[in-house]
Amino acid sequence: MDSAIPAFTRALAESAGELIKKERAVLESLETSYKDGVELVTHADIAADKFICDAIRKAYPEHRILAEESAPDMRDISSFKGPLWIIDPIDGTVNYAHGHFQSAVSIAYAEGGRVHCGVVCNPFVAETFHAVLGQGAFLNDKAIKVAQKTELRRALVATGFPYIKGDMTPLVRRLALVLQECADLRRLGAASLDICWVAMGRLDVYYENLSVWDFAAAQLIAREAGARYGHFKPVPEGISEEFHHQNILVANETLYPAMHDLLNRADAGQV
Ligand code: IPD
Ligand code: CA
Ligand code: CA
């Protein structure tokens, strides 16, 4: 990785963070619509996406960009090995559009099929998480570590739910068992921050189905903070472990297998 990329990525995420904060200074002035009639999007999602992509194209014109609002085609992502930027301009748009503080800009840089640098910036509480592969994870420049709880009954668990309302039965089964066997549950509404919060100990476990821009940066931050990041169902052949977007599970080394077992028991109907 070009040695300038980590500082560039961080500055870019923080500038985009300022942009989304400014655009929401007057909540009533936000322009909102629904993608495919379902998924909320604001003019700030589009503006931040453009701001980030323009800056990357200027600095690294040869690099490929995967960005939620302007370039969301992730079909060949598992086989692509060149320089790649993965961007969620606002993760937590529903929170953002309702005036909540749990929203973030997420930018990841990958090459050789692995994320090498990730930044997740929540401008509303002035928190920036960052990590570089092999160099640890940080919140506002202070090293972070995953919490060391050992029992699910003491664990605070977070998850999320899809915008498209399909069959909710498996999700409800998982919830039922989580509520029975874990300490409590949160649905905070920004997956990148959920994963970063596991990385720094505000949460103990996180699981969900996502899109690659939701987790690309945060998964590196979690791993570098000592969390185990993986999937609670087998990763399909031909799909890279790094970018597989379904059945994501993040926890410390002790809670991970316990939660893996719980979710599979739920799916087997043992509720
Ligand atoms: C969403 C958030 C949410 C998660 C959804 C994501 P968006 O991202 O991360 O927590 O449950 O699956 O789509 O739409 O706000 O960028
Ligand atoms: Ca997102
Ligand atoms: Ca988004």
# chains A, B, ... in the order shown; residues from 1 in each chain; ligands from 1

$ residues_around --residues "stretch 159-164 of chain A" --least-positions-apart "6" --cutoff "8 Å" --atoms "only C-alpha atoms" --output "PyMOL selection string"
chain A and resi 38-39+171+185-189+191+194+206-209

$ closest_atom_pairs --of "chain A" --to "ligand 3" --cutoff "8 Å" --atoms "only C-alpha atoms and all ligand atoms" --output "JSON lines"
{"residue": "A:Val41", "atom": "CA", "partner": "ligand 3", "partner_atom_place_in_ligand_line": "1 (Ca)", "distance": 7.8}
{"residue": "A:Asp45", "atom": "CA", "partner": "ligand 3", "partner_atom_place_in_ligand_line": "1 (Ca)", "distance": 6.8}
{"residue": "A:Glu68", "atom": "CA", "partner": "ligand 3", "partner_atom_place_in_ligand_line": "1 (Ca)", "distance": 6.2}
{"residue": "A:Glu69", "atom": "CA", "partner": "ligand 3", "partner_atom_place_in_ligand_line": "1 (Ca)", "distance": 7.5}
{"residue": "A:Asp88", "atom": "CA", "partner": "ligand 3", "partner_atom_place_in_ligand_line": "1 (Ca)", "distance": 4.9}
{"residue": "A:Pro89", "atom": "CA", "partner": "ligand 3", "partner_atom_place_in_ligand_line": "1 (Ca)", "distance": 5.7}
{"residue": "A:Ile90", "atom": "CA", "partner": "ligand 3", "partner_atom_place_in_ligand_line": "1 (Ca)", "distance": 4.3}
{"residue": "A:Asp91", "atom": "CA", "partner": "ligand 3", "partner_atom_place_in_ligand_line": "1 (Ca)", "distance": 4.2}
{"residue": "A:Gly92", "atom": "CA", "partner": "ligand 3", "partner_atom_place_in_ligand_line": "1 (Ca)", "distance": 6.4}
{"residue": "A:Thr93", "atom": "CA", "partner": "ligand 3", "partner_atom_place_in_ligand_line": "1 (Ca)", "distance": 5.9}
{"residue": "A:Trp213", "atom": "CA", "partner": "ligand 3", "partner_atom_place_in_ligand_line": "1 (Ca)", "distance": 7.9}
{"residue": "A:Asp214", "atom": "CA", "partner": "ligand 3", "partner_atom_place_in_ligand_line": "1 (Ca)", "distance": 7.4}

$ residues_around --residues "stretch 225-232 of chain A" --least-positions-apart "4" --cutoff "6 Å" --atoms "only C-alpha atoms" --output "list of chain:residue names"
A:Ala137, A:Ile144, A:Lys145, A:Val146, A:Ala199, A:Asn247, A:Ile248, A:Leu249, A:Val250, A:Ala251, A:Asn252, A:Glu253, A:His260

$ write_last_selection --atoms "N, CA and C atoms" --output "short mmCIF file (atom, residue, chain, number, x, y, z; two decimals), in the first residue's frame"
data_model
loop_
_atom_site.label_atom_id
_atom_site.label_comp_id
_atom_site.auth_asym_id
_atom_site.auth_seq_id
_atom_site.Cartn_x
_atom_site.Cartn_y
_atom_site.Cartn_z
N ALA A 137 -5.65 -1.00 16.12
CA ALA A 137 -6.85 -0.20 15.85
C ALA A 137 -6.93 0.92 16.88
N ILE A 144 -7.39 0.69 20.83
CA ILE A 144 -8.59 0.07 21.38
C ILE A 144 -8.45 -1.46 21.38
N LYS A 145 -9.19 -2.09 22.30
CA LYS A 145 -9.18 -3.55 22.42
C LYS A 145 -10.60 -4.04 22.64
N VAL A 146 -10.90 -5.21 22.09
CA VAL A 146 -12.21 -5.83 22.28
C VAL A 146 -12.40 -6.18 23.78
N ALA A 199 -15.29 -3.56 18.65
CA ALA A 199 -13.82 -3.44 18.66
C ALA A 199 -13.33 -2.72 19.90
N ASN A 247 -24.43 -13.25 7.14
CA ASN A 247 -24.18 -14.02 8.36
C ASN A 247 -22.90 -13.59 9.07
N ILE A 248 -22.70 -12.29 9.14
CA ILE A 248 -21.49 -11.75 9.77
C ILE A 248 -21.61 -11.86 11.29
N LEU A 249 -20.51 -12.25 11.91
CA LEU A 249 -20.46 -12.37 13.37
C LEU A 249 -19.15 -11.77 13.87
N VAL A 250 -19.24 -10.92 14.89
CA VAL A 250 -18.05 -10.30 15.48
C VAL A 250 -18.16 -10.40 17.00
N ALA A 251 -17.09 -10.86 17.63
CA ALA A 251 -17.07 -10.98 19.10
C ALA A 251 -15.63 -11.27 19.52
N ASN A 252 -15.40 -11.39 20.82
CA ASN A 252 -14.05 -11.81 21.22
C ASN A 252 -13.90 -13.33 20.99
N GLU A 253 -12.68 -13.85 21.19
CA GLU A 253 -12.40 -15.26 20.87
C GLU A 253 -13.25 -16.22 21.69
N HIS A 260 -21.87 -18.33 17.79
CA HIS A 260 -21.97 -19.12 16.56
C HIS A 260 -22.94 -20.28 16.82
#

$ atom_distance --atom1 "atom CA of A:Phe243" --atom2 "atom CA of A:Val212"
6.2 Å

$ atom_distance --atom1 "atom CA of A:Ala16" --atom2 "atom CA of A:Ser192"
15.6 Å

$ residues_around --residues "A:Ala143" --least-positions-apart "4" --cutoff "12 Å" --atoms "only C-alpha atoms" --output "PyMOL selection string"
chain A and resi 128-131+135-139+199-201+221-222+224-226

$ write_last_selection --atoms "N, CA and C atoms" --output "mmCIF file, in the first residue's frame"
data_model
loop_
_atom_site.group_PDB
_atom_site.id
_atom_site.type_symbol
_atom_site.label_atom_id
_atom_site.label_comp_id
_atom_site.auth_asym_id
_atom_site.auth_seq_id
_atom_site.Cartn_x
_atom_site.Cartn_y
_atom_site.Cartn_z
ATOM 1 N N THR A 128 -13.357 9.146 15.565
ATOM 2 C CA THR A 128 -12.827 8.511 14.356
ATOM 3 C C THR A 128 -12.096 7.234 14.742
ATOM 4 N N PHE A 129 -12.572 6.119 14.190
ATOM 5 C CA PHE A 129 -11.905 4.820 14.356
ATOM 6 C C PHE A 129 -11.022 4.615 13.136
ATOM 7 N N HIS A 130 -9.802 4.114 13.343
ATOM 8 C CA HIS A 130 -9.003 3.775 12.161
ATOM 9 C C HIS A 130 -8.102 2.582 12.433
ATOM 10 N N ALA A 131 -7.749 1.902 11.356
ATOM 11 C CA ALA A 131 -6.820 0.770 11.471
ATOM 12 C C ALA A 131 -6.061 0.609 10.165
ATOM 13 N N GLN A 135 -1.220 -3.111 12.227
ATOM 14 C CA GLN A 135 -0.724 -1.993 13.062
ATOM 15 C C GLN A 135 -1.676 -1.583 14.185
ATOM 16 N N GLY A 136 -2.673 -2.417 14.494
ATOM 17 C CA GLY A 136 -3.578 -2.097 15.602
ATOM 18 C C GLY A 136 -4.736 -1.220 15.173
ATOM 19 N N ALA A 137 -5.651 -1.004 16.123
ATOM 20 C CA ALA A 137 -6.845 -0.196 15.849
ATOM 21 C C ALA A 137 -6.927 0.924 16.875
ATOM 22 N N PHE A 138 -7.503 2.036 16.454
ATOM 23 C CA PHE A 138 -7.476 3.244 17.269
ATOM 24 C C PHE A 138 -8.811 3.976 17.227
ATOM 25 N N LEU A 139 -9.156 4.600 18.348
ATOM 26 C CA LEU A 139 -10.262 5.553 18.398
ATOM 27 C C LEU A 139 -9.658 6.893 18.798
ATOM 28 N N ALA A 199 -15.291 -3.563 18.648
ATOM 29 C CA ALA A 199 -13.823 -3.441 18.662
ATOM 30 C C ALA A 199 -13.325 -2.717 19.905
ATOM 31 N N MET A 200 -14.110 -1.755 20.418
ATOM 32 C CA MET A 200 -13.607 -0.975 21.556
ATOM 33 C C MET A 200 -14.356 -1.255 22.858
ATOM 34 N N GLY A 201 -15.221 -2.281 22.848
ATOM 35 C CA GLY A 201 -15.789 -2.764 24.108
ATOM 36 C C GLY A 201 -17.118 -2.163 24.548
ATOM 37 N N ILE A 221 -10.908 -2.824 11.523
ATOM 38 C CA ILE A 221 -10.774 -2.186 12.842
ATOM 39 C C ILE A 221 -11.032 -3.227 13.945
ATOM 40 N N ALA A 222 -12.059 -4.052 13.739
ATOM 41 C CA ALA A 222 -12.382 -5.086 14.742
ATOM 42 C C ALA A 222 -11.251 -6.114 14.854
ATOM 43 N N GLU A 224 -8.129 -5.798 14.058
ATOM 44 C CA GLU A 224 -6.907 -5.184 14.605
ATOM 45 C C GLU A 224 -7.047 -4.888 16.095
ATOM 46 N N ALA A 225 -8.301 -4.833 16.578
ATOM 47 C CA ALA A 225 -8.531 -4.624 18.019
ATOM 48 C C ALA A 225 -8.591 -5.950 18.768
ATOM 49 N N GLY A 226 -8.347 -7.053 18.062
ATOM 50 C CA GLY A 226 -8.308 -8.364 18.717
ATOM 51 C C GLY A 226 -9.618 -9.116 18.674
#

$ atom_distance --atom1 "atom CA of A:Trp197" --atom2 "atom CA of A:Asp261"
22.2 Å

$ residues_around --residues "A:Ala110" --least-positions-apart "6" --cutoff "7 Å" --atoms "only C-alpha atoms" --output "JSON, numbers by chain"
{"A": [83, 84, 85, 116]}

$ residues_around --residues "A:Ile239" --least-positions-apart "2" --cutoff "10 Å" --atoms "only C-alpha atoms" --output "MDAnalysis selection string"
chainID A and resid 76:79 235:237 241:245

$ select_by_dssp --residues "stretch 20-256 of chain A" --states "alpha helix (DSSP H)" --output "ChimeraX atom specification"
/A:20-23,43-59,93-97,169-181,191-199,212-224,255-256

$ closest_residue --among "A:Ala216, A:Val125, A:Met259, A:Ile195" --to "A:Gly113" --atoms "only C-alpha atoms"
A:Ala216

$ residues_around --residues "A:Glu31" --least-positions-apart "4" --cutoff "12 Å" --atoms "only C-alpha atoms" --output "list in words"
Glu23, Arg24, Val26, Leu27, Leu40, Val41, Thr42, His43, Ala44, Asp45, Ile46, Ala47, Tyr96 and Ala97 of chain A

$ closest_residue --among "A:Gly37, A:Asn122, A:Asp184, A:Val271" --to "A:Asn95" --atoms "only C-alpha atoms"
A:Asn122

$ closest_residue --among "A:Ala25, A:Ile86, A:Ala266, A:Cys117" --to "ligand 2" --atoms "only C-alpha atoms and all ligand atoms"
A:Ile86

$ select_by_dssp --residues "stretch 99-255 of chain A" --states "strand (DSSP E or B)" --output "VMD selection string"
chain A and resid 104 to 111 114 to 122 127 to 132 137 to 139 142 to 143 156 to 159 184 to 186 205 to 208 228 to 231 248 to 251
